[in-house]
>>> print(open('target.cif').read())   # mmCIF, C-alpha atoms and all ligand atoms
data_upload
loop_
_atom_site.label_atom_id
_atom_site.label_comp_id
_atom_site.auth_asym_id
_atom_site.auth_seq_id
_atom_site.Cartn_x
_atom_site.Cartn_y
_atom_site.Cartn_z
CA MET A 74 0.00 0.00 0.00
CA LYS A 75 0.93 3.65 -0.40
CA VAL A 76 0.62 6.01 2.56
CA LEU A 77 0.72 9.80 2.61
CA VAL A 78 1.86 11.58 5.76
CA ILE A 79 0.97 15.28 5.94
CA GLY A 80 3.45 17.54 7.70
CA GLY A 81 7.16 18.18 7.95
CA GLY A 82 8.17 18.13 11.62
CA GLY A 83 9.69 15.61 14.01
CA ARG A 84 6.33 14.02 14.65
CA GLU A 85 5.85 13.37 10.94
CA HIS A 86 9.35 11.95 10.54
CA ALA A 87 8.58 9.51 13.37
CA ILE A 88 5.18 8.58 11.87
CA ALA A 89 6.62 8.09 8.37
CA TRP A 90 9.56 6.05 9.70
CA ARG A 91 7.26 3.76 11.68
CA VAL A 92 4.71 3.34 8.86
CA ALA A 93 7.48 2.53 6.35
CA GLN A 94 8.57 -0.44 8.45
CA ALA A 95 5.47 -2.52 7.77
CA PRO A 96 6.36 -4.91 4.92
CA ARG A 97 3.03 -4.31 3.15
CA VAL A 98 3.74 -0.59 2.86
CA ARG A 99 5.38 0.00 -0.51
CA GLU A 100 6.01 3.70 -0.20
CA VAL A 101 5.40 6.59 2.18
CA LEU A 102 4.96 10.06 0.73
CA VAL A 103 5.54 12.99 3.05
CA ALA A 104 4.16 16.43 2.25
CA PRO A 105 6.29 18.46 2.57
CA GLY A 106 8.63 16.43 4.84
CA ASN A 107 12.13 17.44 5.94
CA ALA A 108 15.72 16.27 5.39
CA GLY A 109 15.08 13.27 7.67
CA THR A 110 12.15 11.95 5.65
CA ALA A 111 14.07 12.70 2.42
CA LEU A 112 16.83 10.32 3.54
CA GLU A 113 14.62 7.55 4.97
CA LEU A 114 14.18 4.26 3.04
CA ARG A 115 10.95 3.84 1.03
CA THR A 116 9.99 7.42 1.89
CA ARG A 117 9.69 10.29 -0.57
CA ASN A 118 9.10 13.98 0.05
CA VAL A 119 6.59 15.83 -2.09
CA ALA A 120 6.65 19.62 -2.29
CA VAL A 121 3.08 20.30 -1.20
CA ALA A 122 2.51 22.46 1.88
CA ALA A 123 0.77 20.84 4.87
CA ASP A 124 -2.05 23.37 4.80
CA ASP A 125 -2.66 23.29 1.04
CA VAL A 126 -5.80 21.13 1.23
CA ALA A 127 -6.56 21.29 -2.50
CA GLY A 128 -2.94 20.45 -3.38
CA LEU A 129 -2.90 17.52 -0.95
CA LEU A 130 -6.10 16.12 -2.40
CA LYS A 131 -4.72 16.37 -5.92
CA LEU A 132 -1.53 14.65 -4.80
CA ALA A 133 -3.37 11.78 -3.07
CA GLN A 134 -5.51 11.20 -6.16
CA ALA A 135 -2.64 11.41 -8.64
CA GLU A 136 -0.48 9.04 -6.56
CA GLN A 137 -3.38 6.69 -5.75
CA VAL A 138 -2.65 6.88 -2.05
CA ASP A 139 -4.45 4.22 0.03
CA LEU A 140 -4.24 5.94 3.40
CA THR A 141 -3.40 9.46 4.57
CA ILE A 142 -2.25 10.26 8.10
CA VAL A 143 -2.42 13.91 9.14
CA GLY A 144 0.37 15.13 11.43
CA PRO A 145 -0.28 18.78 12.39
CA GLU A 146 -3.47 20.48 13.54
CA GLY A 147 -3.54 23.17 10.84
CA PRO A 148 -4.87 21.01 7.99
CA LEU A 149 -7.35 19.29 10.35
CA VAL A 150 -8.80 22.60 11.47
CA ALA A 151 -8.88 23.61 7.79
CA GLY A 152 -10.99 20.53 6.97
CA VAL A 153 -8.56 18.23 5.17
CA VAL A 154 -10.35 15.08 6.38
CA ASP A 155 -13.72 16.38 5.16
CA ALA A 156 -12.24 17.17 1.74
CA PHE A 157 -10.61 13.73 1.43
CA ALA A 158 -13.74 11.91 2.63
CA ALA A 159 -15.88 13.80 0.10
CA ALA A 160 -13.55 12.51 -2.61
CA GLY A 161 -13.81 8.94 -1.26
CA LEU A 162 -10.25 8.86 0.16
CA ARG A 163 -9.26 7.35 3.48
CA CYS A 164 -7.72 10.03 5.67
CA PHE A 165 -7.12 9.47 9.37
CA GLY A 166 -7.94 12.44 11.56
CA PRO A 167 -10.94 14.28 12.96
CA ARG A 168 -13.27 16.27 10.76
CA GLN A 169 -13.27 20.05 10.94
CA LEU A 170 -16.19 20.16 13.37
CA SER A 171 -14.42 17.92 15.90
CA ALA A 172 -11.03 19.56 15.36
CA ARG A 173 -12.49 22.66 17.05
CA LEU A 174 -11.60 20.89 20.28
CA GLU A 175 -8.07 22.06 19.56
CA GLY A 176 -8.80 25.00 17.27
CA SER A 177 -10.65 26.94 19.98
CA LYS A 178 -9.82 26.80 23.67
CA ALA A 179 -13.07 28.60 24.53
CA PHE A 180 -15.04 25.95 22.60
CA MET A 181 -13.08 23.21 24.38
CA LYS A 182 -13.62 24.68 27.87
CA ASN A 183 -17.34 25.15 27.27
CA PHE A 184 -17.58 21.60 25.91
CA LEU A 185 -15.89 20.19 29.03
CA HIS A 186 -18.01 22.31 31.32
CA ARG A 187 -21.35 21.30 29.83
CA ASN A 188 -20.34 17.63 29.87
CA ALA A 189 -19.01 17.71 33.45
CA ILE A 190 -15.53 16.57 32.40
CA PRO A 191 -12.95 17.77 34.95
CA THR A 192 -10.90 20.86 34.04
CA ALA A 193 -9.66 24.09 35.66
CA ALA A 194 -12.27 26.75 36.58
CA TYR A 195 -12.27 29.48 33.91
CA ALA A 196 -13.92 32.45 32.24
CA THR A 197 -13.72 33.61 28.62
CA PHE A 198 -13.52 37.19 27.40
CA THR A 199 -13.36 39.27 24.26
CA ARG A 200 -11.97 42.80 24.20
CA ASP A 201 -15.52 44.13 24.65
CA SER A 202 -16.55 41.80 27.45
CA PHE A 203 -13.24 41.94 29.35
CA ASP A 204 -13.78 42.48 33.07
CA ALA A 205 -10.56 43.51 34.84
CA ASP A 206 -12.38 43.63 38.19
CA TRP A 207 -13.32 39.97 37.82
CA VAL A 208 -9.65 39.17 37.25
CA ARG A 209 -8.58 41.24 40.29
CA ALA A 210 -11.01 39.24 42.43
CA GLN A 211 -9.33 35.92 41.47
CA ARG A 212 -6.47 34.27 43.28
CA ALA A 213 -3.11 34.30 41.51
CA PRO A 214 -1.35 32.61 39.83
CA LEU A 215 -3.66 32.67 36.82
CA VAL A 216 -3.27 31.17 33.38
CA VAL A 217 -4.14 33.34 30.37
CA LYS A 218 -4.70 31.59 27.03
CA ALA A 219 -5.28 32.87 23.53
CA ASP A 220 -8.36 31.10 22.16
CA GLY A 221 -7.00 30.11 18.76
CA LEU A 222 -3.99 28.21 17.46
CA ALA A 223 -0.72 29.84 18.49
CA ALA A 224 1.81 27.01 17.98
CA GLY A 225 1.82 26.08 21.67
CA LYS A 226 2.94 29.57 22.66
CA GLY A 227 -0.39 31.30 23.41
CA VAL A 228 -0.43 30.28 27.08
CA VAL A 229 1.00 32.57 29.75
CA ILE A 230 1.22 31.68 33.43
CA CYS A 231 0.83 34.92 35.38
CA ALA A 232 2.11 35.28 38.93
CA SER A 233 -0.22 38.20 39.75
CA THR A 234 -3.66 39.43 38.72
CA ASP A 235 -2.06 42.62 37.33
CA GLU A 236 0.14 40.51 35.07
CA ALA A 237 -2.91 38.51 33.97
CA ILE A 238 -4.75 41.72 33.05
CA ALA A 239 -1.75 43.06 31.12
CA THR A 240 -1.35 39.72 29.32
CA ALA A 241 -5.01 39.55 28.33
CA GLU A 242 -4.85 43.14 27.08
CA ALA A 243 -1.74 42.36 25.02
CA MET A 244 -3.59 39.43 23.47
CA PHE A 245 -6.59 41.62 22.62
CA ALA A 246 -4.13 44.09 21.09
CA GLY A 247 -2.98 41.40 18.67
CA ARG A 248 0.09 39.77 20.23
CA PHE A 249 -1.02 36.40 18.80
CA GLY A 250 -2.99 37.78 15.88
CA PRO A 251 -6.64 36.72 15.58
CA ALA A 252 -5.95 33.75 17.92
CA GLY A 253 -6.12 36.28 20.78
CA ASP A 254 -9.45 37.88 19.90
CA THR A 255 -10.97 35.68 22.57
CA VAL A 256 -9.06 34.86 25.75
CA VAL A 257 -9.56 32.17 28.38
CA ILE A 258 -8.44 32.96 31.93
CA GLU A 259 -8.26 29.99 34.23
CA GLU A 260 -7.24 28.76 37.61
CA PHE A 261 -3.63 27.55 37.97
CA LEU A 262 -3.48 23.81 38.64
CA ASP A 263 -0.58 22.58 40.72
CA GLY A 264 0.00 18.96 39.77
CA GLU A 265 2.10 16.85 37.42
CA GLU A 266 1.36 16.84 33.70
CA ALA A 267 1.03 13.83 31.46
CA SER A 268 0.11 13.37 27.82
CA PHE A 269 -2.60 10.80 27.20
CA ILE A 270 -3.00 10.02 23.51
CA ALA A 271 -5.45 7.55 22.03
CA LEU A 272 -6.72 6.29 18.70
CA VAL A 273 -10.44 7.00 18.42
CA ASP A 274 -12.85 5.54 15.86
CA GLY A 275 -15.97 7.57 16.57
CA ALA A 276 -17.01 5.36 19.48
CA HIS A 277 -14.08 3.36 20.86
CA VAL A 278 -10.86 4.52 22.48
CA LEU A 279 -7.56 2.61 22.13
CA PRO A 280 -4.92 4.31 24.27
CA LEU A 281 -1.32 4.66 23.12
CA ALA A 282 1.53 4.41 25.62
CA THR A 283 1.54 7.36 28.03
CA SER A 284 4.13 10.10 27.78
CA GLN A 285 5.26 13.32 29.32
CA ASP A 286 6.84 16.32 27.67
CA HIS A 287 8.88 19.28 28.84
CA LYS A 288 7.38 22.55 27.66
CA ARG A 289 9.78 25.04 29.20
CA LEU A 290 12.93 26.10 27.37
CA ARG A 291 15.46 25.70 30.15
CA ASP A 292 16.60 23.11 32.69
CA GLY A 293 14.58 22.84 35.88
CA ASP A 294 11.40 23.73 33.92
CA GLN A 295 12.43 27.39 33.74
CA GLY A 296 12.16 29.90 30.92
CA PRO A 297 9.40 30.46 28.37
CA ASN A 298 6.95 27.84 27.13
CA THR A 299 7.95 26.18 23.86
CA GLY A 300 6.42 23.63 21.53
CA GLY A 301 8.26 21.04 23.68
CA MET A 302 11.94 20.45 24.46
CA GLY A 303 11.83 16.72 25.12
CA ALA A 304 9.57 13.84 26.10
CA TYR A 305 9.59 10.32 27.39
CA SER A 306 7.33 7.31 27.49
CA PRO A 307 5.87 5.82 29.61
CA ALA A 308 4.96 8.56 32.12
CA PRO A 309 5.28 7.02 35.59
CA VAL A 310 2.81 9.59 37.00
CA VAL A 311 0.12 7.68 35.10
CA THR A 312 -0.15 4.73 37.43
CA PRO A 313 -2.65 1.99 36.56
CA GLU A 314 -5.21 3.74 38.82
CA VAL A 315 -4.66 7.14 37.18
CA HIS A 316 -4.83 5.47 33.75
CA GLU A 317 -8.17 3.95 34.60
CA ARG A 318 -9.49 7.30 35.87
CA ILE A 319 -8.34 9.18 32.75
CA MET A 320 -10.14 6.63 30.57
CA ARG A 321 -13.32 6.67 32.69
CA GLU A 322 -13.48 10.37 33.61
CA VAL A 323 -11.99 12.00 30.51
CA MET A 324 -11.51 9.95 27.35
CA LEU A 325 -14.68 7.87 27.22
CA PRO A 326 -17.05 10.71 28.25
CA THR A 327 -15.36 13.05 25.75
CA VAL A 328 -15.76 10.66 22.84
CA ALA A 329 -19.34 9.83 23.85
CA ALA A 330 -20.25 13.53 24.21
CA LEU A 331 -18.75 14.43 20.83
CA ALA A 332 -20.81 11.69 19.18
CA HIS A 333 -23.90 12.79 21.09
CA GLU A 334 -23.37 16.40 20.00
CA GLY A 335 -23.21 15.38 16.35
CA ALA A 336 -19.45 15.63 15.87
CA PRO A 337 -18.24 12.01 16.24
CA TYR A 338 -14.47 11.92 16.59
CA THR A 339 -12.12 9.79 14.53
CA GLY A 340 -8.38 10.34 14.78
CA PHE A 341 -5.68 10.69 17.37
CA LEU A 342 -7.05 12.40 20.44
CA TYR A 343 -4.46 13.90 22.74
CA ALA A 344 -5.49 14.98 26.21
CA GLY A 345 -3.02 17.13 28.12
CA ILE A 346 -3.80 16.06 31.68
CA MET A 347 -2.82 17.62 34.98
CA VAL A 348 -2.70 14.82 37.52
CA MET A 349 -3.53 16.45 40.85
CA PRO A 350 -1.74 15.30 44.03
CA ASP A 351 -4.75 13.10 44.95
CA GLY A 352 -4.68 11.41 41.53
CA THR A 353 -7.61 13.35 40.05
CA PRO A 354 -7.07 13.98 36.33
CA LYS A 355 -7.99 17.44 34.97
CA VAL A 356 -7.95 18.34 31.29
CA LEU A 357 -5.51 21.14 30.40
CA GLU A 358 -6.04 20.90 26.68
CA PHE A 359 -7.10 18.65 23.86
CA ASN A 360 -5.13 18.28 20.71
CA CYS A 361 -6.67 16.65 17.69
CA ARG A 362 -3.42 15.00 16.60
CA LEU A 363 -0.33 13.34 18.00
CA GLY A 364 1.97 15.41 20.19
CA ASP A 365 5.37 16.68 19.14
CA PRO A 366 7.81 15.63 20.63
CA GLU A 367 5.83 12.86 22.44
CA THR A 368 5.33 11.00 19.16
CA GLN A 369 9.05 10.47 18.69
CA PRO A 370 9.60 8.30 21.82
CA ILE A 371 6.16 6.71 21.40
CA MET A 372 6.94 5.59 17.84
CA LEU A 373 10.24 4.09 19.01
CA ARG A 374 8.24 1.91 21.42
CA LEU A 375 5.37 1.00 19.07
CA ARG A 376 5.65 -2.55 17.73
CA SER A 377 2.31 -2.75 15.95
CA ASP A 378 1.73 -1.73 12.34
CA LEU A 379 0.73 1.94 12.55
CA ALA A 380 -1.04 2.05 9.18
CA ALA A 381 -3.12 -0.99 10.21
CA LEU A 382 -4.09 0.73 13.46
CA CYS A 383 -5.27 3.81 11.54
CA GLU A 384 -7.22 1.60 9.14
CA ALA A 385 -8.87 -0.23 12.05
CA ALA A 386 -9.93 3.14 13.44
CA LEU A 387 -11.35 4.22 10.07
CA ASP A 388 -13.31 0.94 10.04
CA GLY A 389 -14.73 1.58 13.52
CA ALA A 390 -13.03 -1.59 14.74
CA LEU A 391 -10.84 -0.38 17.62
CA ASP A 392 -12.80 -2.49 20.10
CA ARG A 393 -11.39 -5.52 18.27
CA THR A 394 -7.85 -4.17 17.91
CA SER A 395 -4.89 -4.48 20.23
CA ILE A 396 -1.59 -2.70 20.27
CA GLU A 397 1.87 -3.94 21.19
CA TRP A 398 4.63 -1.95 22.90
CA ASP A 399 8.30 -2.34 23.55
CA PRO A 400 8.33 -2.53 27.37
CA ARG A 401 11.45 -0.39 27.56
CA ALA A 402 11.40 3.35 28.25
CA ALA A 403 12.06 5.80 25.41
CA LEU A 404 13.30 9.34 25.94
CA GLY A 405 13.72 12.10 23.36
CA VAL A 406 15.80 15.28 23.63
CA VAL A 407 14.92 18.16 21.31
CA ILE A 408 17.81 20.09 19.81
CA ALA A 409 16.68 23.62 18.91
CA ALA A 410 18.20 26.43 16.90
CA ARG A 411 19.67 29.61 18.30
CA GLY A 412 16.96 32.04 19.32
CA TYR A 413 14.18 29.44 19.73
CA PRO A 414 11.32 29.90 20.72
CA ASP A 415 11.60 33.39 19.20
CA GLU A 416 13.06 34.28 15.82
CA VAL A 417 15.64 31.67 14.78
CA ARG A 418 18.46 31.62 12.33
CA LYS A 419 18.20 29.12 9.50
CA GLY A 420 20.69 27.51 7.16
CA ASP A 421 23.34 26.40 9.68
CA PRO A 422 24.99 23.13 8.53
CA ILE A 423 24.50 20.22 10.96
CA SER A 424 27.40 17.84 11.53
CA GLY A 425 27.58 14.44 13.20
CA LEU A 426 24.36 12.95 11.82
CA ASP A 427 26.21 10.03 10.21
CA GLU A 428 28.08 9.30 13.45
CA ALA A 429 24.79 9.45 15.36
CA GLY A 430 23.29 7.08 12.78
CA ASP A 431 25.80 4.42 13.85
CA LEU A 432 24.79 4.67 17.51
CA PRO A 433 21.81 2.93 19.12
CA GLY A 434 18.60 4.98 19.27
CA LYS A 435 17.19 7.21 16.57
CA VAL A 436 17.54 10.85 15.57
CA PHE A 437 14.33 12.28 14.12
CA HIS A 438 14.52 15.45 12.09
CA ALA A 439 12.16 18.42 12.52
CA GLY A 440 13.31 21.80 11.18
CA THR A 441 15.92 20.52 8.71
CA ALA A 442 16.38 20.87 4.97
CA LEU A 443 18.79 19.53 2.39
CA ALA A 444 20.90 22.35 0.97
CA GLY A 445 21.98 21.63 -2.58
CA GLY A 446 20.41 18.19 -2.19
CA LYS A 447 23.25 17.04 0.08
CA VAL A 448 24.10 19.03 3.19
CA VAL A 449 21.62 18.90 6.07
CA VAL A 450 21.01 22.41 7.41
CA THR A 451 18.74 23.91 10.05
CA SER A 452 15.45 25.32 8.78
CA GLY A 453 13.26 25.79 11.85
CA GLY A 454 13.10 26.32 15.61
CA ARG A 455 13.13 22.74 16.75
CA VAL A 456 15.73 21.04 14.59
CA LEU A 457 16.14 17.44 15.75
CA CYS A 458 14.91 15.04 18.41
CA ALA A 459 17.38 12.41 19.63
CA VAL A 460 15.58 9.40 21.09
CA GLY A 461 17.10 6.65 23.22
CA LEU A 462 15.63 3.37 24.47
CA GLY A 463 16.57 1.64 27.69
CA GLY A 464 15.61 -0.78 30.42
CA SER A 465 15.27 2.24 32.72
CA VAL A 466 14.61 5.94 32.15
CA ARG A 467 18.23 6.54 33.15
CA ALA A 468 19.47 4.16 30.44
CA ALA A 469 17.17 5.68 27.80
CA GLN A 470 18.36 9.13 28.81
CA GLN A 471 22.00 8.09 28.51
CA GLN A 472 21.41 6.74 25.01
CA ALA A 473 19.60 9.93 23.94
CA TYR A 474 22.34 12.22 25.26
CA ASP A 475 25.03 10.09 23.57
CA LEU A 476 23.26 10.90 20.30
CA VAL A 477 23.08 14.59 21.20
CA GLN A 478 26.83 14.61 21.94
CA ALA A 479 27.55 13.33 18.45
CA ILE A 480 25.69 16.21 16.78
CA SER A 481 26.67 19.84 16.46
CA PHE A 482 25.63 23.03 14.73
CA ASP A 483 26.19 26.66 15.48
CA GLY A 484 23.89 27.93 18.22
CA MET A 485 22.32 24.56 19.09
CA GLN A 486 20.46 24.51 22.38
CA PHE A 487 18.96 21.64 24.33
CA ARG A 488 17.96 20.81 27.87
CA ARG A 489 20.21 18.60 29.92
CA ASP A 490 17.56 17.31 32.28
CA ILE A 491 14.92 15.67 30.10
CA GLY A 492 13.21 12.96 32.15
CA HIS A 493 14.09 14.45 35.54
CA ARG A 494 10.70 13.75 37.11
CA ALA A 495 10.72 10.14 35.97
CA LEU A 496 14.30 9.78 37.20
CA ASP A 497 13.27 11.10 40.61
CA ARG A 498 10.56 8.47 40.75
CA GLU A 499 12.97 5.79 39.55
CA GLN A 500 15.39 6.71 42.32
CA MET A 501 12.65 6.62 44.97
CA ARG A 502 11.88 3.00 44.17
P1 LIG A 601 -2.06 24.32 26.97
O1 LIG A 601 -1.62 24.66 25.57
O2 LIG A 601 -3.39 24.83 27.32
O3 LIG A 601 -1.88 22.88 27.32
O4 LIG A 601 -1.00 25.02 27.91
C1 LIG A 601 0.39 24.87 27.73
C2 LIG A 601 1.05 24.56 29.04
O5 LIG A 601 0.76 25.57 30.00
C3 LIG A 601 0.57 23.29 29.68
O6 LIG A 601 1.23 22.17 29.16
C4 LIG A 601 0.89 23.53 31.13
O7 LIG A 601 2.24 23.32 31.39
C5 LIG A 601 0.61 24.99 31.29
N1 LIG A 601 -0.77 25.20 31.76
C6 LIG A 601 -1.87 25.38 30.99
N2 LIG A 601 -2.96 25.54 31.74
C7 LIG A 601 -2.58 25.42 33.03
C8 LIG A 601 -3.25 25.49 34.29
N3 LIG A 601 -4.57 25.73 34.37
N4 LIG A 601 -2.52 25.33 35.40
C9 LIG A 601 -1.20 25.10 35.34
N5 LIG A 601 -0.49 25.04 34.19
C10 LIG A 601 -1.16 25.21 33.04
#
>>> encode(input="target.cif", output="structure tokens")
Amino acid sequence: MKVLVIGGGGREHAIAWRVAQAPRVREVLVAPGNAGTALELRTRNVAVAADDVAGLLKLAQAEQVDLTIVGPEGPLVAGVVDAFAAAGLRCFGPRQLSARLEGSKAFMKNFLHRNAIPTAAYATFTRDSFDADWVRAQRAPLVVKADGLAAGKGVVICASTDEAIATAEAMFAGRFGPAGDTVVIEEFLDGEEASFIALVDGAHVLPLATSQDHKRLRDGDQGPNTGGMGAYSPAPVVTPEVHERIMREVMLPTVAALAHEGAPYTGFLYAGIMVMPDGTPKVLEFNCRLGDPETQPIMLRLRSDLAALCEAALDGALDRTSIEWDPRAALGVVIAARGYPDEVRKGDPISGLDEAGDLPGKVFHAGTALAGGKVVVTSGGRVLCAVGLGGSVRAAQQQAYDLVQAISFDGMQFRRDIGHRALDREQMR
């Protein structure tokens, strides 16, 4: 079969790499892909942008693609699955109506609220309805979120109510473009985060291995929020009891409510969960796709055929489908360009990729390009994700950092403490 993967980041490299390993998959097209997918066996980049829905449809028809897997949220929110379905093509992801769960935080919070699914207390405002006195009456810290898509950066944790007011006003003034026309202000939750991602077929939920990412730029979870600086799987905070509660209190009611409200959900459903000290799970966010960088360690652990799992979901057969995992831990360290998460420099040559290729583990590309068809250069904020596997988190971490050591480019930055929470737990045992 022929599979098309939409996107060009680290998540898509990991998806394409995993899909290409199934013997029945003849070729994987990646639109637009990166230098990593360009160099992968049985994988071919196609120069169509991830948000060019009409171009993607034309490509899938011309290439007679059997299955399309959508990586990023942009095309989902733009309705790529609806367009493919209307043309009779199999495309795995939620339809536009259900993708609003990620596309609008205000929609998501209201959805959770009316369905009694646990989440932080909140209020939503536009510039006209903004009530600074209401904010002053709340207890800090507060979390201020731009309603729309802002590449993981539209969330600001404010230590004081004055800061929250200033942040909301900056959003109304256009700091995140139209994404900030509506703002959600919510209670700060003090717990431990985990990423809970599942395959959903409209009715059934098949969970993937749990994971945890590191959103802050610097060691010790300091510095600004980013798209994610590293991740590992499994997440020890998700004990069997917490897992059961997330399924019962969050995933199953969410999928049932979406179907009940006329927007049945098919695709990867990612719940960002805050696990409170008493084990109660609260929803921080929903994403309508796999996480980046969580996907990279998850794909290293996945033993099942990913294309077959997506097909089972499209057939509504997840209740009759199982999934197999490498029991070892996987840990990925993101290597970012100078200046990330702000403006970054592009075009720096990357050295050491061949040496890293000879080491155990796997380096997934994100913001990379092939200059002159040969030299791998930086072309985005997050450049690479080095993933290690090991019998313990410590061993997986060692393998990942050995890969990082082999690689260099001017201005590269990475965290040195990815996995620290899991390591703390490992040491407590
Ligand atoms: P979001 O995109 O809504 O998941 O927010 C990005 C990050 O901000 C989350 O992964 C958390 O680390 C943090 N965050 C968001 N909402 C809250 C909250 N209510 N309390 C504490 N931290 C939060």
>>> residues_around(input="target.cif", residues="A:Gly82", least_positions_apart="4", cutoff="12 Å", atoms="only C-alpha atoms", output="PyMOL selection string")
chain A and resi 78+86-89+103-110+123+143-145+300+363-366+368-369+407+437-442+452-458
>>> closest_residue(input="target.cif", among="A:Val101, A:Ala267, A:Met485, A:Val436", to="A:Ile142", atoms="only C-alpha atoms")
A:Val101
>>> atom_distance(input="target.cif", atom1="atom CA of A:Thr299", atom2="atom CA of A:Ile319")
25.2 Å
>>> residues_near_point(input="target.cif", point="(4.7, 34.3, 28.6)", cutoff="8 Å", atoms="all atoms listed in the file", output="VMD selection string")
chain A and resid 226 to 231 297 to 298
>>> write_last_selection(input="target.cif", atoms="C-alpha atoms", output="PDB file, in the frame of the given file")
ATOM      1  CA  LYS A 226       2.940  29.570  22.660  1.00  0.00           C
ATOM      2  CA  GLY A 227      -0.390  31.300  23.410  1.00  0.00           C
ATOM      3  CA  VAL A 228      -0.430  30.280  27.080  1.00  0.00           C
ATOM      4  CA  VAL A 229       1.000  32.570  29.750  1.00  0.00           C
ATOM      5  CA  ILE A 230       1.220  31.680  33.430  1.00  0.00           C
ATOM      6  CA  CYS A 231       0.830  34.920  35.380  1.00  0.00           C
ATOM      7  CA  PRO A 297       9.400  30.460  28.370  1.00  0.00           C
ATOM      8  CA  ASN A 298       6.950  27.840  27.130  1.00  0.00           C
TER       9      ASN A 298
END
>>> residues_near_ligand(input="target.cif", ligand="ligand LIG 601 (chain A)", cutoff="6 Å", atoms="all atoms listed in the file", output="list in words")
Ala193, Val216, Gly225, Val228, Glu259, Glu260, Phe261, Leu262, Asp263, Gly345, Leu357 and Glu358 of chain A
>>> write_last_selection(input="target.cif", atoms="C-alpha atoms", output="PDB file, in the frame of the given file")
ATOM      1  CA  ALA A 193      -9.660  24.090  35.660  1.00  0.00           C
ATOM      2  CA  VAL A 216      -3.270  31.170  33.380  1.00  0.00           C
ATOM      3  CA  GLY A 225       1.820  26.080  21.670  1.00  0.00           C
ATOM      4  CA  VAL A 228      -0.430  30.280  27.080  1.00  0.00           C
ATOM      5  CA  GLU A 259      -8.260  29.990  34.230  1.00  0.00           C
ATOM      6  CA  GLU A 260      -7.240  28.760  37.610  1.00  0.00           C
ATOM      7  CA  PHE A 261      -3.630  27.550  37.970  1.00  0.00           C
ATOM      8  CA  LEU A 262      -3.480  23.810  38.640  1.00  0.00           C
ATOM      9  CA  ASP A 263      -0.580  22.580  40.720  1.00  0.00           C
ATOM     10  CA  GLY A 345      -3.020  17.130  28.120  1.00  0.00           C
ATOM     11  CA  LEU A 357      -5.510  21.140  30.400  1.00  0.00           C
ATOM     12  CA  GLU A 358      -6.040  20.900  26.680  1.00  0.00           C
TER      13      GLU A 358
END
>>> residues_around(input="target.cif", residues="A:Gln486", least_positions_apart="2", cutoff="10 Å", atoms="all atoms listed in the file", output="short mmCIF file (atom, residue, chain, number, x, y, z; two decimals) with C-alpha atoms, in the frame of the given file")
data_model
loop_
_atom_site.label_atom_id
_atom_site.label_comp_id
_atom_site.auth_asym_id
_atom_site.auth_seq_id
_atom_site.Cartn_x
_atom_site.Cartn_y
_atom_site.Cartn_z
CA LEU A 290 12.93 26.10 27.37
CA ARG A 291 15.46 25.70 30.15
CA MET A 302 11.94 20.45 24.46
CA VAL A 407 14.92 18.16 21.31
CA ILE A 408 17.81 20.09 19.81
CA ALA A 409 16.68 23.62 18.91
CA ALA A 410 18.20 26.43 16.90
CA ARG A 411 19.67 29.61 18.30
CA GLY A 412 16.96 32.04 19.32
CA TYR A 413 14.18 29.44 19.73
CA ARG A 455 13.13 22.74 16.75
CA VAL A 456 15.73 21.04 14.59
CA SER A 481 26.67 19.84 16.46
CA PHE A 482 25.63 23.03 14.73
CA ASP A 483 26.19 26.66 15.48
CA GLY A 484 23.89 27.93 18.22
CA ARG A 488 17.96 20.81 27.87
CA ARG A 489 20.21 18.60 29.92
#
>>> closest_residue(input="target.cif", among="A:Asp155, A:Asp378, A:Asp294, A:Asp286", to="A:Ala95", atoms="all atoms listed in the file")
A:Asp378
>>> residues_around(input="target.cif", residues="A:Gly250", least_positions_apart="3", cutoff="10 Å", atoms="only C-alpha atoms", output="list in words")
Ala219, Gly221, Leu222, Ala223, Met244, Phe245, Ala246, Gly247, Gly253 and Asp254 of chain A
>>> closest_residue(input="target.cif", among="A:His493, A:Met320, A:Glu499, A:Gly430", to="A:Ile480", atoms="all atoms listed in the file")
A:Gly430
>>> atom_distance(input="target.cif", atom1="atom CA of A:Leu379", atom2="atom CA of A:Leu272")
10.6 Å
>>> atom_distance(input="target.cif", atom1="atom CA of A:Leu140", atom2="atom CA of A:Cys383")
8.5 Å
